[in-house]
$ cat my_file.txt   # compact mmCIF, C-alpha atoms
# COMPACT_ATOMS: atom_id res chain seq x y z
CA MET A 1 -55.03 65.13 -28.54
CA ALA A 2 -53.69 62.58 -26.10
CA GLY A 3 -53.32 58.95 -27.04
CA TYR A 4 -56.04 56.40 -26.48
CA PHE A 5 -56.72 52.73 -25.91
CA GLU A 6 -58.76 50.48 -28.18
CA LEU A 7 -60.30 47.14 -27.25
CA VAL A 8 -60.08 44.74 -30.19
CA ASP A 9 -60.84 41.08 -30.82
CA ALA A 10 -57.74 38.88 -30.57
CA PRO A 11 -57.16 36.60 -33.57
CA ASP A 12 -57.11 33.50 -31.37
CA GLY A 13 -60.13 34.48 -29.28
CA GLY A 14 -60.43 36.87 -26.37
CA TYR A 15 -59.53 40.55 -26.46
CA ARG A 16 -56.47 42.75 -26.79
CA ILE A 17 -55.73 46.35 -25.98
CA ARG A 18 -54.07 48.61 -28.53
CA LEU A 19 -52.41 51.84 -27.42
CA LEU A 20 -52.39 54.55 -30.08
CA ASP A 21 -50.85 58.00 -29.98
CA GLY A 22 -52.82 61.19 -30.68
CA SER A 23 -52.39 60.81 -34.43
CA GLY A 24 -53.61 57.20 -34.40
CA ALA A 25 -50.19 55.56 -34.79
CA LEU A 26 -49.92 52.19 -33.04
CA MET A 27 -47.65 52.32 -29.97
CA ALA A 28 -48.29 48.98 -28.26
CA VAL A 29 -50.43 45.83 -28.33
CA SER A 30 -51.27 43.90 -25.17
CA VAL A 31 -51.39 40.23 -24.38
CA THR A 32 -54.67 38.43 -25.00
CA PHE A 33 -57.25 38.79 -22.26
CA PRO A 34 -59.94 36.10 -21.86
CA THR A 35 -62.82 38.53 -21.31
CA LYS A 36 -63.67 42.13 -22.12
CA ARG A 37 -63.86 42.84 -18.39
CA ALA A 38 -60.29 41.57 -17.98
CA ALA A 39 -59.17 43.74 -20.91
CA VAL A 40 -60.74 46.83 -19.32
CA ALA A 41 -58.92 45.98 -16.07
CA GLY A 42 -55.76 45.69 -18.21
CA VAL A 43 -56.29 49.26 -19.42
CA ALA A 44 -56.43 50.44 -15.81
CA ARG A 45 -53.24 48.53 -15.02
CA ALA A 46 -51.48 49.90 -18.12
CA ARG A 47 -52.39 53.46 -17.06
CA GLU A 48 -50.92 52.83 -13.61
CA ILE A 49 -47.72 51.33 -14.99
CA ALA A 50 -47.28 54.03 -17.63
CA GLY A 51 -47.60 56.76 -15.04
CA MET A 52 -45.23 55.25 -12.49
CA GLY A 53 -43.27 52.47 -14.16
CA LEU A 54 -39.51 52.52 -14.43
CA VAL A 55 -37.72 51.99 -17.74
CA ARG A 56 -35.42 48.96 -17.89
CA ASP A 57 -32.99 48.98 -20.79
CA HIS A 58 -32.40 45.42 -22.02
CA CYS A 59 -30.94 46.47 -25.37
CA LYS A 60 -27.58 45.03 -26.41
CA ASP A 61 -26.06 48.53 -26.26
CA ALA A 62 -27.40 49.23 -22.75
CA VAL A 63 -24.97 50.75 -20.28
CA LYS A 64 -24.13 48.14 -17.68
CA ARG A 65 -23.98 49.43 -14.14
CA PRO A 66 -22.12 47.69 -11.37
CA ALA A 67 -24.21 46.09 -8.66
CA VAL A 68 -24.95 48.44 -5.79
CA HIS A 69 -24.10 47.01 -2.40
CA THR A 70 -25.71 48.76 0.50
CA THR A 71 -24.16 49.11 3.88
CA LYS A 72 -25.75 47.74 7.03
CA PRO A 73 -27.03 51.22 8.10
CA ALA A 74 -28.58 51.72 4.65
CA ARG A 75 -30.34 48.34 4.84
CA LYS A 76 -31.59 49.20 8.33
CA ALA A 77 -32.94 52.55 7.12
CA ALA A 78 -34.65 50.88 4.17
CA ALA A 79 -36.22 48.29 6.47
CA ALA A 80 -37.48 51.12 8.68
CA GLY A 81 -39.25 52.68 5.69
CA ALA A 82 -36.78 55.44 4.92
CA PRO A 83 -37.04 56.56 1.29
CA ARG A 84 -34.33 55.39 -1.07
CA THR A 85 -32.66 57.55 -3.65
CA PRO A 86 -34.19 57.20 -7.14
CA ALA A 87 -31.03 55.55 -8.48
CA LEU A 88 -31.47 52.71 -6.02
CA GLN A 89 -35.21 52.21 -6.40
CA THR A 90 -36.47 48.98 -7.85
CA PRO A 91 -39.97 48.30 -9.13
CA ARG A 92 -42.26 46.67 -6.63
CA SER A 93 -45.22 44.51 -7.36
CA PRO A 94 -48.55 45.45 -5.79
CA ALA A 95 -49.23 43.98 -2.36
CA GLY A 96 -50.29 40.37 -2.57
CA HIS A 97 -48.84 39.79 -6.06
$ encode --input "my_file.txt" --output "C-alpha cells"
Amino acid sequence: MAGYFELVDAPDGGYRIRLLDGSGALMAVSVTFPTKRAAVAGVARAREIAGMGLVRDHCKDAVKRPAVHTTKPARKAAAAGAPRTPALQTPRSPAGH
C-alpha cells in the first residue's frame, strides 16, 4: 500500500498534515494551517512538491560544489527558454509567488 496523508488537530489550534508510509510509520508533519480547507490545499501542494521537488542537502557532511558560472551564450539560451541541464536546474516558485 502507498503512503497516505492524515489531517489532525494541531495542539495550538488549527490543523496539521501528517504523512505516513504504507505501514503507518510517520514520515513528516506539516506546519499548522489555520483552516481545514487550507490543510487540504497543503496536501495538494505537498503532492506537487514530492513529485517534482529537488533535494537540497544541508547536512554538515554535504558535498560542497563550486558555484557554476554560465557563459554569455548560455545565459542568452536560458533567457530564450532553452532547457537547462538537470545539474544546473534550480527550483522555481510558482508564477506569482
$ residues_around --input "my_file.txt" --residues "A:Lys36" --least-positions-apart "3" --cutoff "8 Å" --atoms "only C-alpha atoms" --output "list in words"
Leu7, Gly14, Tyr15, Phe33, Ala39 and Val40 of chain A
$ atom_distance --input "my_file.txt" --atom1 "atom CA of A:Val43" --atom2 "atom CA of A:Gly3"
12.7 Å
$ atom_distance --input "my_file.txt" --atom1 "atom CA of A:Gly42" --atom2 "atom CA of A:Asp9"
14.4 Å
$ residues_around --input "my_file.txt" --residues "A:Arg47" --least-positions-apart "5" --cutoff "12 Å" --atoms "only C-alpha atoms" --output "list in words"
Gly3, Tyr4, Phe5, Ile17, Leu19, Val40, Ala41, Gly42, Met52 and Gly53 of chain A
$ atom_distance --input "my_file.txt" --atom1 "atom CA of A:Asp57" --atom2 "atom CA of A:Arg45"
21.1 Å
$ closest_residue --input "my_file.txt" --among "A:Arg37, A:Val63, A:Val31, A:Gly51" --to "A:Ala10" --atoms "only C-alpha atoms"
A:Val31
